[in-house]
There are 2 protein chains.
Amino acid sequence: MKESWSAFDTFEPHFRPLVVIELAKDTKEETKEWLTQRIVEKKKNGGAQLLVKPLIKEDGERTDGNQHLYLVGASHLRLLLGAETVGLVKECNDNSMRTFTYSSRKTFKDFAENNHDFLTMAERQYIIKHELENLRAKDEKMIPGYPQAKLYPGKSIMRRLLTSGILVQIFPLHDAEELKKLRYTWYGQVKISYQPLDEIRCYFGETIALYFGFLEYFTFALVPMALIGIPYYVFAWEDYDKYVMFASFNLLWSTVILEVWKRCCAIMTYRWGTLLMKRQFEEPRPGFHGVLGINPVTGREEPVYSSIKRQIRIYLVSLPFVCLCLYFSLYVMMIYFELETWALDYHEENESNFSNLMLFVPSIIYAVVIEMMNRIYRYAAEFLTSWENHRLESSHQNHLILKVLVFNFLNCFASLFYIAFVLFDMKLLRQSLATLLITSQILNQFVEALLPYWLQKRHHKKKMYSVKADTDLSLFEQVNLEKEMGTYLGTFDDYLELFLQFGYVSLFSCVYPLAAVFAVLNNITELYSDALKMCRVFKRPFSEPTANIGVWQLAFETMSVISVVTNCALIGLSPQVNALFPESKTDLILIVVLVEHILLALKFVMAFLIPDKPRNIQIKLAKLEFESLEALKQQQMKLATESLKEETHGEKKMN
Amino acid sequence: MKESWSAFDTFEPHFRPLVVIELAKDTKEETKEWLTQRIVEKKKNGGAQLLVKPLIKEDGERTDGNQHLYLVGASHLRLLLGAETVGLVKECNDNSMRTFTYSSRKTFKDFAENNHDFLTMAERQYIIKHELENLRAKDEKMIPGYPQAKLYPGKSIMRRLLTSGILVQIFPLHDAEELKKLRYTWYGQVKISYQPLDEIRCYFGETIALYFGFLEYFTFALVPMALIGIPYYVFAWEDYDKYVMFASFNLLWSTVILEVWKRCCAIMTYRWGTLLMKRQFEEPRPGFHGVLGINPVTGREEPVYSSIKRQIRIYLVSLPFVCLCLYFSLYVMMIYFELETWALDYHEENESNFSNLMLFVPSIIYAVVIEMMNRIYRYAAEFLTSWENHRLESSHQNHLILKVLVFNFLNCFASLFYIAFVLFDMKLLRQSLATLLITSQILNQFVEALLPYWLQKRHHKKKMYSVKADTDLSLFEQVNLEKEMGTYLGTFDDYLELFLQFGYVSLFSCVYPLAAVFAVLNNITELYSDALKMCRVFKRPFSEPTANIGVWQLAFETMSVISVVTNCALIGLSPQVNALFPESKTDLILIVVLVEHILLALKFVMAFLIPDKPRNIQIKLAKLEFESLEALKQQQMKLATESLKEETHGEKKMN
């Protein structure tokens, strides 16, 4: 990576803009001054010790009074110290991965005092974001100029500015040349290749790279299912034994791929250093509040909040609320099915154009209601999870994901379950499945990436930016362009989409083997549309170090267990299998249950036997732990006042 | 603990015998000399640097030529250094638990240079055993005097001596006064109280204390089941709904107790320091062999053995062998049932005294065959596990336990499963269950503790030792008495007994609710008979640090999952429940399967939600990890040649 901000040379040689702060247009001068002062203030005085500069036009004249965009950067040294604070793990000269410390910087690979690219741009931006978010109030009682925006010691200033509406957004800047290179290797070429995961990680950070890694892995993993599924469609195989074989393969295969993914993930994140990052010692998330106290682990002062209170909030408020919502959602579904039968009856009674139209009404109403419920529920889930007041961002995310996941699962699959196990209508099930899968895939890609891209292009055309290539834009133009772009809200929706797709593929795989084929086709285009979305549609997101896909792993594993149950039940219900046991349904059910239990047991044994981390990674981790233990011993040795006296052991030998 | 070896003052003031080495009576002088030399040799010369002394009679005259008993001890300093080597964790002055190092010894609680009881006697003996076992050959090609006993660099000398028959045994000495005190608090009083677990741990070590802790916990945990089970027997309740309730309670309760046990276990082992002991950095087990290489984790020289080779041996030899044995065992059981029916037919045809006797023949043959199979299998399992060549003792034990466990499970329960699910005979099932449970419990306690105790008493009476109280025996008498005692082969059989008991209680709990009552009664007497066994029947065992009950936790959890399946099936089979669904057996089965799935799901959710370690232990562990990371950082700082220059960051402020 070479120095490549196009506007670089319009500034002092040492200031490189990394992050943009956008304040509200009517922010008082007093507040601006206070904020910039706090940002540049030395660390020991409670500041962030960063560099900040108002964004000015090329001609150098400052648009006083209306200045609301600030560029934030930091000196190379400050960034290195920040890397130590956030606990970045980098590769050493001896190829081992170690937590970066400023004083041991010389032992790291590619480190040189003048190599400003030792930290990737994503890492630098992450450090700045971390420092800004952890800029906490000292003795201020309120934000200067805004008496209603109260502050108390330890409160995150940026958080308060955001909730008071003074701060519009903070976002990292794109690097036009790097982005151009990345785009080219990612989706600019026609030749089919692996995703450039390491490059994606350097530019967008680990969370997003891991998502693309998972998407790619998952697509490859679905290929065998798709290949086996095709002949079922081509030859219209309907024999139960073939279906049983396909379903059994699917169910065991899904366990294998999820277990192997853990290993692949460990390999990747070890290389990226995030596997070793100690998440439990991370600072509390900005939204975390509580009375100032002492963290029992680190001994440092920070807000503390009783874990019992949180548990009470989770189990006595959030859990009942989620259950109620699930019940309500099921209730709505039942109304939909009643409306459907009512519409059918009406259509049969008085057959007319109007009645024909009426047939579509229930579906439309249901779709609209579901969408509304989804949005309201999402909002409520976010509110509840914030209110639960988790200390760590990861824990917050996991609780939020779990809440939204359960609800989405029900909304997506309840109707299919109803058709399969209450109406016993396999034809309708296959039809609904195919419709849902294909329409949702097409809609998703359109709404998610292509439509915003098109809208944005049109918008840019209006503003006449597109006449210049991206790399030719001035910094002023670039910032103003990027601040208008949409904000990428995290990988949640992308994973959710994959999760629901996995549901379509595995839950009813013995009814519709072709689902895997569609999933593979979708994922291949998804790779490109997601890449397009990341590079062209959204503002650059902040990098976020992660070691695994978190609660999604559990979600996918749970789905694969549920699909054992559904597939066995579906096979048991199929007319071909039923025909084999004409006189005794009991035997049939017993056999199905037996097979189900064996499959479940096999899955658990497999999950138990396949180690989560490859052996070489295990050894590397053990080695690091061993070293850190030895270091602790040595430190204790130092601390002990008395040094080891002369060797007096073996003083009295006998014989 | 005060100095209390009765024979203490007959030796030099600094030598306290801790461990006895018994060599074969005809061992050559040359070998004896070499061995004692190697034991006392300095550590840097490859010795163990311990103290060793031949056992001599009180009158001081050495029985030359026939000297084969040696006492091993160590200086206080040597023991402290040994404690550092084995990685003992002790309590510090600030109540935190830390790995002991000699140089930081002053920071530990109760440490004083002249306090020779800082280490418990069990710990001292463990250290000596560890040092003896890790006494490895240097350039010796064979054991001096025994050219056929080959040695190679790195081979454990004690191991070779043992396999060559030169070394008969190594065992730790009892401490008569301590033992007397322990016996009094343990089972000497009439009043009912908790087990003195901390005292047991000090005297016998963590593994045995943990077994007694588990036994006590498990007994308490069974009390609610027993209490609920009694009215079923008293009022002869036979309603299916009551049975369903009992079974459901049982199944969920068993998950709760197993999860809560993990927490109790963590609390105990944290206090004992074993929770923090790093097992993965332990030295390879003495039986481990391989070519000398470098351990990739520690960088130290030790035998290495390919993990792939081990995997191949496990999956391609051990696994098929175990499966074959299981199949054979099932086959034998089928023959038994055939013999049984044949005997019944014979009895019905020609009713005579002889035919009446013949009725018992199949059971007797089966019992004998089972016992033989068990012994042969146990031998084979031990051989196979040794052959798999596990590096760590814990891994070796786990593989051995798993093998024996599966076989014992099948032998114990296969006939009950056959009666329940093939013969559908609930009466017979209840009867067999009661017979098996009660007879096995009585037999076990008799064979395991009371019989050996009685035999030993008689033996002592013959040798006229019993005229003196234990504390009055001379060291010579004590050693000669103890070397004749049986060897305690580890907690395996004790856990196995509990495991099978848990099976009897939970697998068929809805058929025989009284099982829990018998289990509780048995366990109360078991506590006493096991205590008696440990204190009076067996040689003192070496202490073995452990942090949990290892593979037994998994075994018990698996059993509790299997019991959900069996109980649901039994309820589904019961005539009362069948009577409720007179026209449709299908509905019945579907409901049973549904209930089973809900119970299983609940169990997994509960296991997921209950944290394995209490919060305060989690914090303490996190704190220790945090400290060790900080220490690593500081060490890196030291290593870095350049120190931090003057603060140059923030060099260029703007605005």
# chains A, B, ... in the order shown; residues from 1 in each chain; ligands from 1
>>> select_by_dssp(residues="region 224-379 of chain B", states="alpha helix (DSSP H)", output="PyMOL selection string")
chain B and resi 224-234+240-272+307-312+319-349+353-358+361-379
>>> residues_around(residues="region 480-496 of chain A", least_positions_apart="2", cutoff="6 Å", atoms="only C-alpha atoms", output="ChimeraX atom specification")
/A:477-478,498-499,538-539
>>> residues_around(residues="Thr36 (chain A)", least_positions_apart="2", cutoff="10 Å", atoms="only C-alpha atoms", output="list of chain:residue names")
A:Thr31, A:Lys32, A:Glu33, A:Trp34, A:Arg38, A:Ile39, A:Val40, A:Glu41, A:Gly47, A:Ala48, A:Leu50, A:Leu51, A:Val52, A:Lys53, A:Pro54, A:Tyr70, A:Val72, B:Met654, B:Asn655
>>> residues_around(residues="region 428-434 of chain A", least_positions_apart="4", cutoff="7 Å", atoms="only C-alpha atoms", output="PyMOL selection string")
chain A and resi 416+419-420+438+511-512
>>> closest_residue(among="A:Glu84, A:Asp94, A:Glu340, A:Glu301", to="chain B", atoms="only C-alpha atoms")
A:Glu84
>>> residues_around(residues="Arg615 (chain A)", least_positions_apart="3", cutoff="12 Å", atoms="only C-alpha atoms", output="PyMOL selection string")
(chain A and resi 263-264+266-267+610-612+618-622) or (chain B and resi 296-297+306-308)
>>> write_last_selection(atoms="N, CA and C atoms", output="tab-separated table (two decimals), in the first residue's frame")
chain	number	residue	atom	x	y	z
A	263	ARG	N	-12.88	-24.66	11.85
A	263	ARG	CA	-11.43	-24.81	11.64
A	263	ARG	C	-10.91	-23.78	10.64
A	264	CYS	N	-11.65	-23.61	9.53
A	264	CYS	CA	-11.22	-22.64	8.52
A	264	CYS	C	-11.18	-21.26	9.13
A	266	ALA	N	-10.76	-20.49	12.24
A	266	ALA	CA	-9.63	-20.37	13.15
A	266	ALA	C	-8.34	-20.09	12.38
A	267	ILE	N	-8.18	-20.76	11.24
A	267	ILE	CA	-6.97	-20.54	10.43
A	267	ILE	C	-6.90	-19.09	9.97
A	610	ILE	N	-14.73	-33.85	15.78
A	610	ILE	CA	-13.96	-32.96	14.91
A	610	ILE	C	-13.46	-31.79	15.76
A	611	PRO	N	-12.13	-31.66	15.93
A	611	PRO	CA	-11.63	-30.56	16.77
A	611	PRO	C	-11.95	-29.21	16.13
A	612	ASP	N	-12.25	-28.23	17.00
A	612	ASP	CA	-12.65	-26.91	16.50
A	612	ASP	C	-11.49	-26.15	15.87
A	618	GLN	N	-3.78	-25.05	17.30
A	618	GLN	CA	-3.81	-25.43	18.71
A	618	GLN	C	-2.43	-25.31	19.35
A	619	ILE	N	-1.42	-25.83	18.63
A	619	ILE	CA	-0.06	-25.78	19.16
A	619	ILE	C	0.40	-24.35	19.32
A	620	LYS	N	0.09	-23.52	18.30
A	620	LYS	CA	0.54	-22.12	18.37
A	620	LYS	C	-0.11	-21.42	19.56
A	621	LEU	N	-1.41	-21.70	19.78
A	621	LEU	CA	-2.09	-21.07	20.90
A	621	LEU	C	-1.51	-21.55	22.22
A	622	ALA	N	-1.27	-22.87	22.31
A	622	ALA	CA	-0.72	-23.42	23.55
A	622	ALA	C	0.65	-22.82	23.83
B	296	PRO	N	6.74	-28.75	20.45
B	296	PRO	CA	6.54	-27.47	19.77
B	296	PRO	C	6.00	-26.38	20.68
B	297	VAL	N	5.37	-26.77	21.79
B	297	VAL	CA	4.78	-25.77	22.68
B	297	VAL	C	5.84	-25.18	23.61
B	306	SER	N	3.75	-39.09	16.66
B	306	SER	CA	2.85	-38.48	15.68
B	306	SER	C	1.39	-38.63	16.11
B	307	SER	N	0.69	-37.50	16.08
B	307	SER	CA	-0.73	-37.52	16.46
B	307	SER	C	-1.55	-38.28	15.44
B	308	ILE	N	-1.12	-38.27	14.20
B	308	ILE	CA	-1.87	-38.98	13.15
B	308	ILE	C	-1.80	-40.49	13.40
>>> atom_distance(atom1="CA of Tyr152 (chain B)", atom2="CA of Glu382 (chain B)")
24.5 Å
>>> atom_distance(atom1="CA of Glu91 (chain B)", atom2="CA of Thr298 (chain B)")
25.8 Å
>>> closest_residue(among="A:Ile157, A:Leu500, A:Cys568, A:Leu339", to="Cys412 (chain A)", atoms="only C-alpha atoms")
A:Leu500
>>> select_by_dssp(residues="region 37-120 of chain B", states="strand (DSSP E or B)", output="PyMOL selection string")
chain B and resi 51-54+69-73+89-92+97-99+108
>>> atom_distance(atom1="CA of Ser386 (chain A)", atom2="CA of Gly82 (chain A)")
27.3 Å
>>> closest_residue(among="A:Arg16, A:Lys106, A:Lys242, A:Lys44", to="chain B", atoms="only C-alpha atoms")
A:Lys106
>>> residues_around(residues="region 441-451 of chain B", least_positions_apart="3", cutoff="6 Å", atoms="only C-alpha atoms", output="ChimeraX atom specification")
/B:438,454,529,533
>>> closest_residue(among="B:Lys309, B:Lys585, B:Lys155, B:Lys138", to="chain A", atoms="only C-alpha atoms")
B:Lys585
>>> closest_residue(among="B:Thr566, B:Asp175, B:Phe111, B:Gly287", to="Leu162 (chain B)", atoms="only C-alpha atoms")
B:Gly287
>>> closest_residue(among="A:Val605, A:Leu167, A:Ala631, A:Cys510", to="Tyr243 (chain A)", atoms="only C-alpha atoms")
A:Cys510
